[in-house]
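J.: If it helps, the file is called target_33.cif and holds mmCIF, C-alpha atoms and all ligand atoms:
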data_start
#
loop_
_atom_site.label_atom_id
_atom_site.label_comp_id
_atom_site.auth_asym_id
_atom_site.auth_seq_id
_atom_site.Cartn_x
_atom_site.Cartn_y
_atom_site.Cartn_z
CA LEU Z 232 0.00 0.00 0.00
CA THR Z 233 1.17 3.50 -0.71
CA PRO Z 234 0.67 5.62 2.38
CA SER Z 235 0.24 8.87 0.49
CA ASP Z 236 -2.77 7.75 -1.48
CA PRO Z 237 -5.85 8.94 0.41
CA SER Z 238 -8.17 6.51 -1.31
CA LEU Z 239 -5.95 3.54 -0.46
CA ARG Z 240 -5.62 4.71 3.10
CA ALA Z 241 -9.37 5.07 3.36
CA SER Z 242 -9.90 1.49 2.22
CA SER Z 243 -7.16 0.18 4.52
CA ARG Z 244 -9.25 1.36 7.47
CA LEU Z 245 -11.59 -1.50 6.82
CA ILE Z 246 -8.93 -4.15 7.43
CA GLU Z 247 -6.88 -2.53 10.19
CA PRO Z 248 -7.51 -3.75 13.72
CA ALA Z 249 -9.75 -1.10 15.22
CA ASP Z 250 -7.66 -0.21 18.26
CA GLN Z 251 -8.62 2.91 20.18
CA ALA Z 252 -5.94 5.15 18.66
CA THR Z 253 -7.04 4.17 15.15
CA VAL Z 254 -10.71 4.77 15.94
CA ARG Z 255 -9.84 8.16 17.45
CA ARG Z 256 -7.70 9.15 14.43
CA ASN Z 257 -10.42 8.09 11.98
CA ASN Z 258 -13.06 10.03 13.91
CA LEU Z 259 -10.87 13.16 14.00
CA SER Z 260 -10.51 12.79 10.23
CA LEU Z 261 -14.25 12.28 9.82
CA VAL Z 262 -15.11 15.49 11.72
CA LEU Z 263 -12.42 17.55 9.97
CA ARG Z 264 -13.49 16.37 6.49
CA HIS Z 265 -17.14 16.95 7.38
CA LEU Z 266 -16.39 20.59 8.25
CA ARG Z 267 -14.29 20.98 5.08
CA ASP Z 268 -16.95 19.47 2.82
CA GLN Z 269 -20.17 20.69 4.48
CA GLY Z 270 -19.06 24.09 5.78
CA PRO Z 271 -19.46 25.73 9.21
CA ARG Z 272 -21.88 24.08 11.62
CA SER Z 273 -22.50 23.32 15.28
CA ARG Z 274 -21.31 20.36 17.34
CA ALA Z 275 -24.91 19.12 17.47
CA ASP Z 276 -25.16 19.28 13.66
CA ILE Z 277 -21.91 17.31 13.30
CA ALA Z 278 -23.14 14.68 15.76
CA ALA Z 279 -26.46 14.29 13.95
CA GLU Z 280 -24.89 14.15 10.50
CA THR Z 281 -21.97 11.82 11.26
CA GLN Z 282 -23.82 9.50 13.69
CA LEU Z 283 -21.17 10.14 16.35
CA ASN Z 284 -22.50 10.87 19.84
CA LYS Z 285 -22.40 14.45 21.17
CA ALA Z 286 -19.83 13.80 23.91
CA THR Z 287 -17.47 12.21 21.38
CA VAL Z 288 -17.89 15.13 18.98
CA SER Z 289 -17.11 17.63 21.77
CA SER Z 290 -13.94 15.74 22.67
CA LEU Z 291 -12.85 15.43 19.03
CA VAL Z 292 -13.49 19.12 18.38
CA ALA Z 293 -11.48 20.09 21.48
CA GLU Z 294 -8.48 18.15 20.14
CA LEU Z 295 -8.86 19.62 16.63
CA GLU Z 296 -8.96 23.12 18.18
CA GLN Z 297 -5.74 22.39 20.09
CA ARG Z 298 -4.09 21.31 16.86
CA GLY Z 299 -5.12 24.58 15.19
CA LEU Z 300 -7.38 22.83 12.67
CA VAL Z 301 -10.82 23.99 13.84
CA ARG Z 302 -12.07 27.18 15.49
CA GLU Z 303 -15.30 28.70 16.69
CA THR Z 304 -16.61 31.35 14.37
CA GLY Z 305 -19.86 32.60 15.94
CA VAL Z 306 -23.19 31.47 17.31
CA LYS Z 307 -26.43 30.29 15.78
CA HIS Z 308 -29.74 31.15 17.46
CA ALA Z 309 -32.21 28.33 16.84
CA GLY Z 310 -35.51 29.84 17.93
CA SER Z 311 -36.29 31.63 21.18
CA VAL Z 312 -35.65 28.75 23.59
CA GLY Z 313 -32.41 26.99 24.50
CA ARG Z 314 -28.81 28.10 24.40
CA PRO Z 315 -27.45 29.47 21.13
CA ALA Z 316 -25.19 26.91 19.38
CA ARG Z 317 -21.58 27.80 18.75
CA ILE Z 318 -20.58 27.41 15.11
CA LEU Z 319 -17.30 25.70 14.15
CA ARG Z 320 -15.29 25.99 10.99
CA LEU Z 321 -12.13 24.52 9.48
CA ASP Z 322 -9.23 26.74 10.52
CA GLY Z 323 -5.79 25.64 9.39
CA ALA Z 324 -4.41 29.20 9.18
CA ARG Z 325 -1.38 28.11 11.22
CA VAL Z 326 -0.84 24.81 9.39
CA GLY Z 327 0.73 24.81 5.95
CA ALA Z 328 1.49 22.63 2.94
CA LEU Z 329 4.39 23.14 0.55
CA GLY Z 330 4.33 21.75 -2.99
CA LEU Z 331 7.32 21.47 -5.35
CA ALA Z 332 7.30 20.45 -9.01
CA ILE Z 333 10.69 19.64 -10.49
CA ASN Z 334 10.78 19.76 -14.26
CA VAL Z 335 13.41 19.79 -16.98
CA ASP Z 336 13.76 23.56 -17.08
CA TYR Z 337 12.03 24.86 -13.95
CA VAL Z 338 11.09 24.13 -10.39
CA ALA Z 339 7.72 25.44 -9.21
CA VAL Z 340 7.04 26.17 -5.53
CA TYR Z 341 3.53 26.55 -4.07
CA GLY Z 342 2.78 27.09 -0.40
CA THR Z 343 -0.66 27.31 1.18
CA ASP Z 344 -2.22 27.07 4.58
CA LEU Z 345 -4.91 24.48 5.17
CA SER Z 346 -7.69 26.98 4.55
CA GLY Z 347 -6.38 27.39 0.99
CA ARG Z 348 -4.70 30.79 1.39
CA VAL Z 349 -1.79 30.94 -1.10
CA LEU Z 350 1.38 32.12 0.66
CA VAL Z 351 4.12 31.22 -1.84
CA GLU Z 352 3.83 30.83 -5.61
CA ARG Z 353 7.05 30.96 -7.61
CA ARG Z 354 8.77 29.41 -10.61
CA HIS Z 355 12.58 29.26 -10.79
CA ALA Z 356 14.62 28.34 -13.87
CA VAL Z 357 16.79 25.24 -13.54
CA ASP Z 358 18.66 23.11 -16.06
CA ALA Z 359 18.06 19.60 -14.75
CA LEU Z 360 19.47 17.91 -17.85
CA GLY Z 361 22.66 19.94 -17.86
CA VAL Z 362 23.81 19.14 -14.30
CA PRO Z 363 24.00 16.04 -12.05
CA PRO Z 364 20.91 15.26 -9.87
CA ALA Z 365 22.78 16.29 -6.70
CA GLN Z 366 23.26 19.80 -8.05
CA THR Z 367 19.60 20.12 -9.05
CA ILE Z 368 18.55 18.87 -5.59
CA ALA Z 369 20.84 21.45 -3.94
CA THR Z 370 19.23 24.20 -6.03
CA VAL Z 371 15.72 22.94 -5.23
CA ALA Z 372 16.64 22.72 -1.53
CA GLY Z 373 17.67 26.39 -1.59
CA HIS Z 374 14.30 27.43 -3.04
CA THR Z 375 12.55 25.15 -0.52
CA ARG Z 376 14.33 26.73 2.46
CA ALA Z 377 13.34 30.18 1.19
CA ALA Z 378 9.69 29.07 0.90
CA LEU Z 379 9.74 27.51 4.40
CA ALA Z 380 11.12 30.79 5.72
CA ASP Z 381 8.22 32.62 4.06
CA LEU Z 382 5.71 30.25 5.70
CA ASP Z 383 7.50 30.75 9.03
CA ARG Z 384 7.22 34.55 8.72
CA ALA Z 385 3.49 34.15 7.98
CA GLY Z 386 3.13 32.20 11.23
CA VAL Z 387 2.45 28.92 9.41
CA THR Z 388 4.02 25.58 10.37
CA PRO Z 389 4.44 23.20 7.41
CA ALA Z 390 2.76 19.81 7.87
CA GLY Z 391 4.81 18.41 5.01
CA ILE Z 392 6.33 18.86 1.57
CA GLY Z 393 4.95 17.21 -1.58
CA VAL Z 394 7.20 16.80 -4.62
CA ALA Z 395 6.05 16.20 -8.22
CA ILE Z 396 8.52 14.40 -10.52
CA PRO Z 397 8.14 13.79 -14.28
CA GLY Z 398 9.03 10.12 -14.12
CA LEU Z 399 8.44 6.80 -12.40
CA VAL Z 400 8.28 7.20 -8.64
CA ASP Z 401 8.43 4.67 -5.81
CA VAL Z 402 5.85 6.44 -3.64
CA GLY Z 403 6.46 4.23 -0.59
CA GLN Z 404 10.21 4.88 -0.54
CA GLY Z 405 10.02 8.47 -1.82
CA GLY Z 406 12.46 7.69 -4.61
CA VAL Z 407 12.69 8.36 -8.33
CA VAL Z 408 13.08 5.05 -10.18
CA VAL Z 409 13.70 6.69 -13.54
CA ALA Z 410 12.91 10.13 -14.95
CA PRO Z 411 14.16 10.04 -18.57
CA ASN Z 412 13.67 13.74 -19.29
CA LEU Z 413 15.56 14.76 -16.13
CA GLY Z 414 18.27 12.16 -16.77
CA TRP Z 415 17.62 10.71 -13.28
CA ARG Z 416 17.77 7.04 -12.27
CA ASP Z 417 17.47 5.63 -8.74
CA VAL Z 418 17.49 8.97 -6.92
CA PRO Z 419 16.18 8.83 -3.28
CA ILE Z 420 14.78 12.33 -3.63
CA ALA Z 421 12.73 12.47 -0.41
CA GLU Z 422 15.71 11.51 1.76
CA ARG Z 423 18.19 13.77 -0.08
CA LEU Z 424 15.87 16.77 -0.09
CA SER Z 425 15.04 16.27 3.57
CA THR Z 426 18.77 16.20 4.42
CA ALA Z 427 19.52 19.21 2.24
CA ILE Z 428 16.79 21.46 3.68
CA VAL Z 429 17.78 20.49 7.25
CA ALA Z 430 14.16 20.15 8.39
CA PRO Z 431 13.81 16.55 9.61
CA HIS Z 432 10.47 17.40 11.30
CA VAL Z 433 8.88 18.14 7.90
CA PRO Z 434 7.96 14.90 6.10
CA VAL Z 435 8.58 14.77 2.32
CA GLN Z 436 6.23 12.85 0.01
CA VAL Z 437 6.96 12.25 -3.68
CA ASP Z 438 4.73 11.28 -6.59
CA ASN Z 439 4.57 11.34 -10.35
CA ASP Z 440 3.67 14.75 -11.83
CA ALA Z 441 0.83 13.43 -13.98
CA ASN Z 442 -0.73 11.65 -10.98
CA LEU Z 443 -0.54 14.82 -8.89
CA SER Z 444 -1.90 16.95 -11.74
CA ALA Z 445 -4.84 14.59 -12.13
CA LEU Z 446 -5.52 14.80 -8.39
CA ALA Z 447 -5.31 18.63 -8.55
CA GLU Z 448 -7.86 18.63 -11.38
CA PHE Z 449 -10.07 16.31 -9.35
CA TRP Z 450 -9.71 18.38 -6.15
CA VAL Z 451 -9.67 22.00 -7.34
CA GLY Z 452 -9.53 22.22 -11.16
CA GLY Z 453 -12.17 23.13 -13.73
CA GLN Z 454 -13.29 19.46 -13.76
CA ALA Z 455 -13.29 19.07 -9.97
CA GLY Z 456 -15.33 16.13 -8.73
CA THR Z 457 -15.50 14.35 -12.11
CA PRO Z 458 -15.00 10.74 -11.02
CA ASN Z 459 -13.63 9.38 -14.33
CA LEU Z 460 -10.96 11.75 -15.55
CA VAL Z 461 -7.64 11.53 -17.41
CA TYR Z 462 -5.04 14.32 -17.21
CA LEU Z 463 -2.33 14.68 -19.87
CA THR Z 464 0.85 16.55 -18.99
CA GLY Z 465 2.03 18.70 -21.88
CA GLU Z 466 5.67 19.27 -21.06
CA VAL Z 467 8.88 17.95 -22.62
CA GLY Z 468 7.41 14.57 -21.69
CA VAL Z 469 3.77 13.53 -21.94
CA GLY Z 470 2.31 11.35 -19.21
CA SER Z 471 -1.18 10.68 -17.97
CA GLY Z 472 -2.79 10.63 -14.55
CA VAL Z 473 -5.91 8.50 -14.40
CA ILE Z 474 -8.80 8.91 -11.95
CA VAL Z 475 -11.26 6.00 -12.06
CA GLU Z 476 -14.43 6.20 -9.97
CA GLY Z 477 -12.89 8.96 -7.87
CA ARG Z 478 -9.62 7.14 -7.15
CA LEU Z 479 -6.16 7.47 -8.63
CA LEU Z 480 -5.26 4.43 -10.73
CA ARG Z 481 -1.70 3.38 -9.89
CA GLY Z 482 -1.20 -0.20 -11.04
CA ALA Z 483 0.83 -2.83 -9.20
CA ALA Z 484 3.97 -0.76 -8.57
CA GLY Z 485 2.60 2.72 -9.22
CA PHE Z 486 3.89 2.97 -12.79
CA SER Z 487 0.60 3.20 -14.70
CA GLY Z 488 -0.26 6.05 -17.04
CA GLU Z 489 2.96 6.12 -19.09
CA ILE Z 490 1.00 6.74 -22.25
CA GLY Z 491 3.74 9.02 -23.61
CA HIS Z 492 5.87 5.94 -24.27
CA LEU Z 493 3.27 3.95 -26.18
CA PRO Z 494 4.94 3.14 -29.51
CA VAL Z 495 2.86 4.75 -32.27
CA ASP Z 496 5.42 5.06 -35.11
CA PRO Z 497 8.15 2.40 -35.39
CA GLY Z 498 10.01 4.45 -37.99
CA GLY Z 499 9.72 7.68 -36.02
CA THR Z 500 11.90 9.91 -33.89
CA ARG Z 501 14.07 8.76 -30.98
CA CYS Z 502 12.45 9.45 -27.60
CA GLY Z 503 14.00 10.64 -24.34
CA CYS Z 504 13.40 7.12 -22.97
CA GLY Z 505 15.77 5.63 -25.58
CA ARG Z 506 13.03 3.97 -27.65
CA THR Z 507 11.78 5.10 -31.05
CA GLY Z 508 8.41 6.49 -32.14
CA CYS Z 509 6.84 6.99 -28.70
CA TRP Z 510 3.62 9.05 -28.62
CA GLU Z 511 5.37 11.91 -26.81
CA THR Z 512 7.68 12.40 -29.82
CA LYS Z 513 4.47 13.23 -31.76
CA VAL Z 514 2.82 15.57 -29.26
CA GLY Z 515 5.43 16.66 -26.67
CA LEU Z 516 7.15 20.03 -26.43
CA ALA Z 517 9.75 19.17 -29.09
CA ALA Z 518 6.99 18.36 -31.60
CA LEU Z 519 5.09 21.54 -30.68
CA VAL Z 520 8.09 23.83 -31.21
CA GLY Z 521 8.79 21.95 -34.45
CA ALA Z 522 5.50 23.39 -35.72
CA ALA Z 523 7.32 26.68 -36.34
CA ALA Z 524 9.89 24.90 -38.53
CA PRO Z 525 8.27 21.77 -39.98
CA GLY Z 526 10.60 18.81 -40.30
CA ASP Z 527 12.74 19.89 -37.36
CA THR Z 528 11.85 17.30 -34.73
CA ARG Z 529 15.15 16.97 -32.90
CA SER Z 530 14.75 15.65 -29.39
CA PRO Z 531 14.79 18.25 -26.60
CA ASP Z 532 18.33 17.37 -25.45
CA GLY Z 533 19.58 18.54 -28.85
CA ARG Z 534 18.86 22.17 -28.07
CA SER Z 535 18.99 24.54 -25.16
CA LEU Z 536 15.91 24.87 -22.97
CA ARG Z 537 15.84 28.63 -23.42
CA ASP Z 538 15.66 27.93 -27.13
CA LEU Z 539 12.66 25.61 -26.57
CA GLU Z 540 10.69 28.16 -24.53
CA ASP Z 541 11.41 30.96 -26.97
CA ARG Z 542 10.38 28.78 -29.87
CA LEU Z 543 7.14 27.71 -28.17
CA ALA Z 544 6.28 31.39 -27.69
CA GLU Z 545 7.05 31.89 -31.40
CA VAL Z 546 4.69 29.04 -32.36
CA VAL Z 547 1.89 30.55 -30.25
CA ARG Z 548 2.51 33.96 -31.85
CA LEU Z 549 2.52 32.56 -35.41
CA ALA Z 550 -0.59 30.40 -34.94
CA ASP Z 551 -2.57 33.09 -33.14
CA GLY Z 552 -1.54 35.54 -35.90
CA GLY Z 553 -3.04 33.28 -38.58
CA ASP Z 554 0.14 31.74 -40.06
CA GLN Z 555 -1.24 28.87 -42.16
CA GLY Z 556 1.92 26.75 -42.01
CA ALA Z 557 1.98 26.82 -38.23
CA ARG Z 558 -1.76 26.18 -38.03
CA ASP Z 559 -1.55 23.17 -40.35
CA ALA Z 560 1.39 21.77 -38.40
CA LEU Z 561 -0.51 22.18 -35.13
CA ALA Z 562 -3.61 20.53 -36.62
CA GLY Z 563 -1.36 17.57 -37.49
CA ILE Z 564 -0.12 17.42 -33.90
CA GLY Z 565 -3.75 17.76 -32.76
CA ARG Z 566 -4.62 14.63 -34.77
CA TRP Z 567 -1.82 12.74 -32.97
CA LEU Z 568 -3.17 14.09 -29.70
CA GLY Z 569 -6.60 12.74 -30.65
CA TYR Z 570 -5.03 9.40 -31.61
CA GLY Z 571 -3.70 8.96 -28.07
CA ALA Z 572 -6.96 10.27 -26.62
CA GLY Z 573 -8.85 7.68 -28.69
CA LEU Z 574 -6.71 4.89 -27.18
CA LEU Z 575 -7.49 6.22 -23.72
CA VAL Z 576 -11.22 6.44 -24.47
CA ASN Z 577 -11.36 2.82 -25.66
CA LEU Z 578 -9.31 1.61 -22.70
CA LEU Z 579 -10.70 3.66 -19.81
CA ASN Z 580 -13.99 5.29 -20.92
CA PRO Z 581 -13.26 8.59 -19.13
CA GLN Z 582 -15.84 11.40 -18.94
CA VAL Z 583 -13.20 14.01 -19.69
CA ILE Z 584 -9.57 14.20 -20.85
CA VAL Z 585 -7.84 17.31 -19.50
CA ALA Z 586 -4.93 18.56 -21.62
CA GLY Z 587 -2.44 20.43 -19.43
CA GLY Z 588 0.86 22.33 -19.63
CA CYS Z 589 1.83 23.53 -23.12
CA PHE Z 590 -1.39 22.07 -24.56
CA THR Z 591 -3.32 24.81 -22.76
CA LEU Z 592 -1.37 27.52 -24.63
CA LEU Z 593 -2.27 25.99 -28.00
CA ALA Z 594 -5.65 24.46 -27.16
CA GLY Z 595 -7.54 26.46 -29.80
CA HIS Z 596 -5.27 25.08 -32.53
CA LEU Z 597 -4.84 21.51 -31.26
CA LEU Z 598 -8.14 20.42 -29.77
CA PRO Z 599 -10.56 20.72 -32.74
CA ALA Z 600 -8.46 18.21 -34.74
CA ALA Z 601 -7.89 16.12 -31.61
CA ARG Z 602 -11.65 15.83 -30.97
CA LEU Z 603 -12.36 14.64 -34.53
CA GLU Z 604 -9.63 11.99 -34.34
CA MET Z 605 -10.65 10.86 -30.85
CA ASP Z 606 -14.28 10.43 -31.93
CA ARG Z 607 -13.18 8.57 -35.08
CA LEU Z 608 -11.16 6.07 -33.03
CA ALA Z 609 -13.68 5.59 -30.21
CA VAL Z 610 -15.37 2.25 -30.88
CA ALA Z 611 -18.52 3.47 -29.12
CA GLY Z 612 -18.39 6.69 -31.19
CA ALA Z 613 -20.24 9.69 -29.78
CA ALA Z 614 -21.87 7.40 -27.19
CA THR Z 615 -18.70 7.58 -25.08
CA GLY Z 616 -19.53 11.26 -24.51
CA CYS Z 617 -15.89 11.96 -23.64
CA ARG Z 618 -14.80 15.60 -23.80
CA ILE Z 619 -11.23 16.81 -24.28
CA VAL Z 620 -10.64 20.21 -22.66
CA PRO Z 621 -7.69 22.43 -21.73
CA SER Z 622 -6.71 22.53 -18.07
CA GLU Z 623 -7.65 25.70 -16.20
CA LEU Z 624 -4.65 25.14 -13.90
CA GLY Z 625 -2.12 25.67 -16.71
CA PHE Z 626 1.42 24.91 -15.59
CA THR Z 627 0.44 24.88 -11.89
CA ALA Z 628 -1.49 21.59 -11.78
CA ALA Z 629 1.42 19.39 -10.63
CA VAL Z 630 2.63 21.75 -7.92
CA ARG Z 631 -0.90 22.31 -6.60
CA GLY Z 632 -1.37 18.54 -6.53
CA ALA Z 633 1.89 18.21 -4.61
CA ALA Z 634 0.66 20.68 -1.97
CA GLY Z 635 -2.76 19.00 -2.02
CA LEU Z 636 -1.09 15.70 -1.13
CA VAL Z 637 0.04 17.26 2.16
CA VAL Z 638 -3.40 18.79 2.84
CA GLU Z 639 -5.06 15.43 2.23
CA SER Z 640 -2.61 13.66 4.54
CA VAL Z 641 -3.54 16.10 7.34
CA LEU Z 642 -7.26 15.55 6.66
CA ASP Z 643 -6.59 11.80 6.78
CA ASP Z 644 -4.58 11.96 9.99
CA PRO Z 645 -5.03 15.21 11.98
CA THR Z 646 -2.76 13.77 14.72
CA ALA Z 647 0.19 14.37 12.35
CA VAL Z 648 -0.13 18.06 13.29
CA SER Z 649 1.45 18.99 16.60
CA GLN Z 650 -0.98 20.13 19.31
CA VAL Z 651 1.15 23.18 19.99
CA PRO Z 652 2.69 24.17 16.65
CA LEU Z 653 6.33 25.10 17.12
CA LEU Z 654 7.57 27.70 14.70
CA ARG Z 655 11.20 27.34 13.76
CA GLY Z 656 13.63 29.72 12.16
CA TYR Z 657 14.87 28.81 8.69
CA PRO Z 658 18.19 30.20 7.48
ZN ZN Z 701 9.60 7.01 -24.96
#
Turn the structure described in the file into structure tokens.
T.:
Amino acid sequence: LTPSDPSLRASSRLIEPADQATVRRNNLSLVLRHLRDQGPRSRADIAAETQLNKATVSSLVAELEQRGLVRETGVKHAGSVGRPARILRLDGARVGALGLAINVDYVAVYGTDLSGRVLVERRHAVDALGVPPAQTIATVAGHTRAALADLDRAGVTPAGIGVAIPGLVDVGQGGVVVAPNLGWRDVPIAERLSTAIVAPHVPVQVDNDANLSALAEFWVGGQAGTPNLVYLTGEVGVGSGVIVEGRLLRGAAGFSGEIGHLPVDPGGTRCGCGRTGCWETKVGLAALVGAAAPGDTRSPDGRSLRDLEDRLAEVVRLADGGDQGARDALAGIGRWLGYGAGLLVNLLNPQVIVAGGCFTLLAGHLLPAARLEMDRLAVAGAATGCRIVPSELGFTAAVRGAAGLVVESVLDDPTAVSQVPLLRGYP
């Protein structure tokens, strides 16, 4: 079982021995989630709606107040008789979550408190391919310490750090198995980052960027709450995060969703993974920037990252300005996008496919062709009813998902937050 997956943890409750500490923790979680999902209400309301007895609810609320997760916000007068009921709400203004997304050419940092207030939102340039992993981790650690210091100044204690990685991740161990586009293999990122930021009291969780982006879409994106959803990352690499019936689909070892490396063209271009003709060579960033100069489909490591970003901006400018060559090239990439979407529709029957990252910048040029191709390939045709839409989270989906991972872990186990939050100084 992967401890960071809320849905797995929820199901594991059913088979754990129900000792008192476990029952208490689950009830704290139940009350906290109830306040988050249903909004402010009285102790009596919570007791009636959760089937917990009133004395238990009072005791649970007292503990949640001590941990800084719940506070009283006013009173409700229910008629002319009886005492007015005190209203409780989710607090979390002193408890924070920090998300990091490490990518080929940038690291994104996103810090919030548990009530959703955004305290840190930054993007720093890095060159992950050009330097050894240790150097990238040192750079990321520097940005992390700065963000922790910002949370500290805001009076917020971090409950944890979530890290999004574009590659295969061993969630249980917090390690990167392989991240082709970063050039990383067997990197124990959670342990190394934890050592480098010198904050052993702040747990670090790691997951795949597409998985975290899909969870962000499901939690807070434009398609929030859609139980059958596929997210496509549109970066140098293309991966998918799959939500089935409201739960993240991981597979046996957590490596599902690597749709970017489905072979679609045996005679095609060499991929960052070392194979030839993978789907991401047709629709990834290198293919998109190639739309400005058709025929130029060198892999990303053949050019500088600055060059890639500048050229993507040039493609957007040309296509938006009506350049027919660029528009035709993008329509061709859109058809490849629809080809992959069609495979996903036949395999998973999602309600919506959310195209993220660079795809959002070019959605108007890519998605019309993608929709036609997807519908052509879907065996059930229009009956599948699947939509393909641009993400409203843009390039922030992965880092929001990474922070969301920490928020969810607090909602799952409120006892992870100290009863008397200790603020610490960060250098
Ligand atoms: Zn590949």
J.: May I have the residues within 10 Å of Z:Val400 as a list in words, using only C-alpha atoms and disregarding those fewer than 2 positions away in the same chain?
T.: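 In the requested format, the answer is Ala395, Ile396, Pro397, Gly398, Val402, Gly403, Gln404, Gly405, Gly406, Val407, Val408, Val409, Ala410, Asp417, Val418, Pro419, Ile420, Val437, Asp438, Asn439, Asp440, Ala484, Gly485 and Phe486 of chain Z.
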J.: Using all atoms listed in the file, which residues of the polymer chains come no farther than 12 Å from ligand ZN 701 (chain Z)? I'd like the answer as a PyMOL selection string.
T.: chain Z and resi 398+410-412+467-470+489-497+499-515+530
J.: Which is closest to Z:Val338 among Z:His355, Z:Arg325, Z:Arg618, Z:Arg548, if we use all atoms listed in the file?
T.: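 Looking at the shortest contact to Z:Val338, the residue is Z:His355.
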J.: Rounded to one decimal place, report the atom CA of Z:Val638-atom CA of Z:Leu424 distance in Å.
T.: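 A separation of 19.6 Å between them.
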J.: Which residues, written as a ChimeraX atom specification, have at least one atom at most 12 Å from Z:Val394, with only C-alpha atoms counted and residues fewer than 5 positions away on the same chain left out?
T.: /Z:235,328-334,338-342,368,371-372,375,400,402,405-407,420-422,424-425,434-444,629-637
J.: What's the separation between atom CA of Z:Ala544 and atom CA of Z:Gly569, in Å to one decimal place?
T.: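 Spanning atom CA of Z:Ala544 to atom CA of Z:Gly569 is a straight-line distance of 22.9 Å.
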J.: Given all atoms listed in the file as the basis, pick out the residue of Z:Ile277, Z:Gly552, Z:Gln297, Z:Leu382 nearest to Z:Asp344.
T.: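 That would be Z:Leu382, the residue with the smallest distance to Z:Asp344.
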J.: Applying 6 Å and all atoms listed in the file, which residues near Z:Ala586 remain after dropping the ones on its own chain fewer than 3 positions away? List them as a tab-separated table (two decimals) with C-alpha atoms, keeping the file's coordinate frame.
T.:
chain	number	residue	atom	x	y	z
Z	463	LEU	CA	-2.33	14.68	-19.87
Z	590	PHE	CA	-1.39	22.07	-24.56
Z	621	PRO	CA	-7.69	22.43	-21.73
Z	622	SER	CA	-6.71	22.53	-18.07
J.: Just the residues within 9 Å of Z:Gly625, please, counting only C-alpha atoms, with nothing from its chain fewer than 6 positions along; format it as a list of chain:residue names.
T.: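 The residues that qualify are Z:Gly587, Z:Gly588, Z:Cys589, Z:Phe590, Z:Thr591, Z:Leu592.
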J.: For atom CA of Z:Val583 and atom CA of Z:Thr627, determine how far apart the two atoms are, in Å to one decimal place.
T.: 19.1 Å
J.: I need every residue sitting at most 7 Å from the point (-4.5, 20.6, -35.3) (coordinates as in the file, only C-alpha atoms considered), written as a list in words.
T.: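 Returned residue set, sorted by chain then number, is Arg558, Asp559, Ala560, Leu561, Ala562, Gly563, Ile564, Gly565, Arg566, His596, Leu597, Leu598, Pro599, Ala600 and Ala601 of chain Z.
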J.: Looking at all atoms listed in the file, which of Z:Ala517, Z:Ala316, Z:Leu379, Z:Leu261 is the one that sits closest to Z:Gln282?
T.: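 For Z:Gln282, the nearest of the candidates is Z:Leu261.
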J.: Near Z:Gly573, counting only C-alpha atoms, which residues have an atom at most 8 Å away, once you skip same-chain residues fewer than 4 positions from it, shown as a list in words?
T.: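 Contacts, with the query itself left out: Gly569, Asn577, Glu604, Met605, Asp606, Arg607, Leu608 and Ala609 of chain Z.
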J.: Which residue is closest to Z:Ala614? Choose from Z:Leu516, Z:Ala293, Z:Leu266, Z:Val576 and count only C-alpha atoms.
T.: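 Result for the nearest residue to Z:Ala614: Z:Val576.
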J.: With 4 Å added on each side, what axis-aligned box encloses every listed atom of stretch 494-509 of chain Z? Give the centre and edge lengths in Å to one decimal, as JSON.
T.:
{"center_x": 9.3, "center_y": 6.5, "center_z": -30.5, "size_x": 20.9, "size_y": 16.2, "size_z": 23.0}
J.: Which residue gives the smallest distance to Z:Asn459 among Z:Thr388, Z:Asn580, Z:Thr304, Z:Ser289, with all atoms listed in the file counted?
T.: Z:Asn580
J.: Kindly indicate which residue among Z:Glu466, Z:Asp336, Z:Asp554, Z:Asp276 lies nearest to Z:Leu319, using only C-alpha atoms for the distances.
T.: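 Nearest to Z:Leu319: Z:Asp276.
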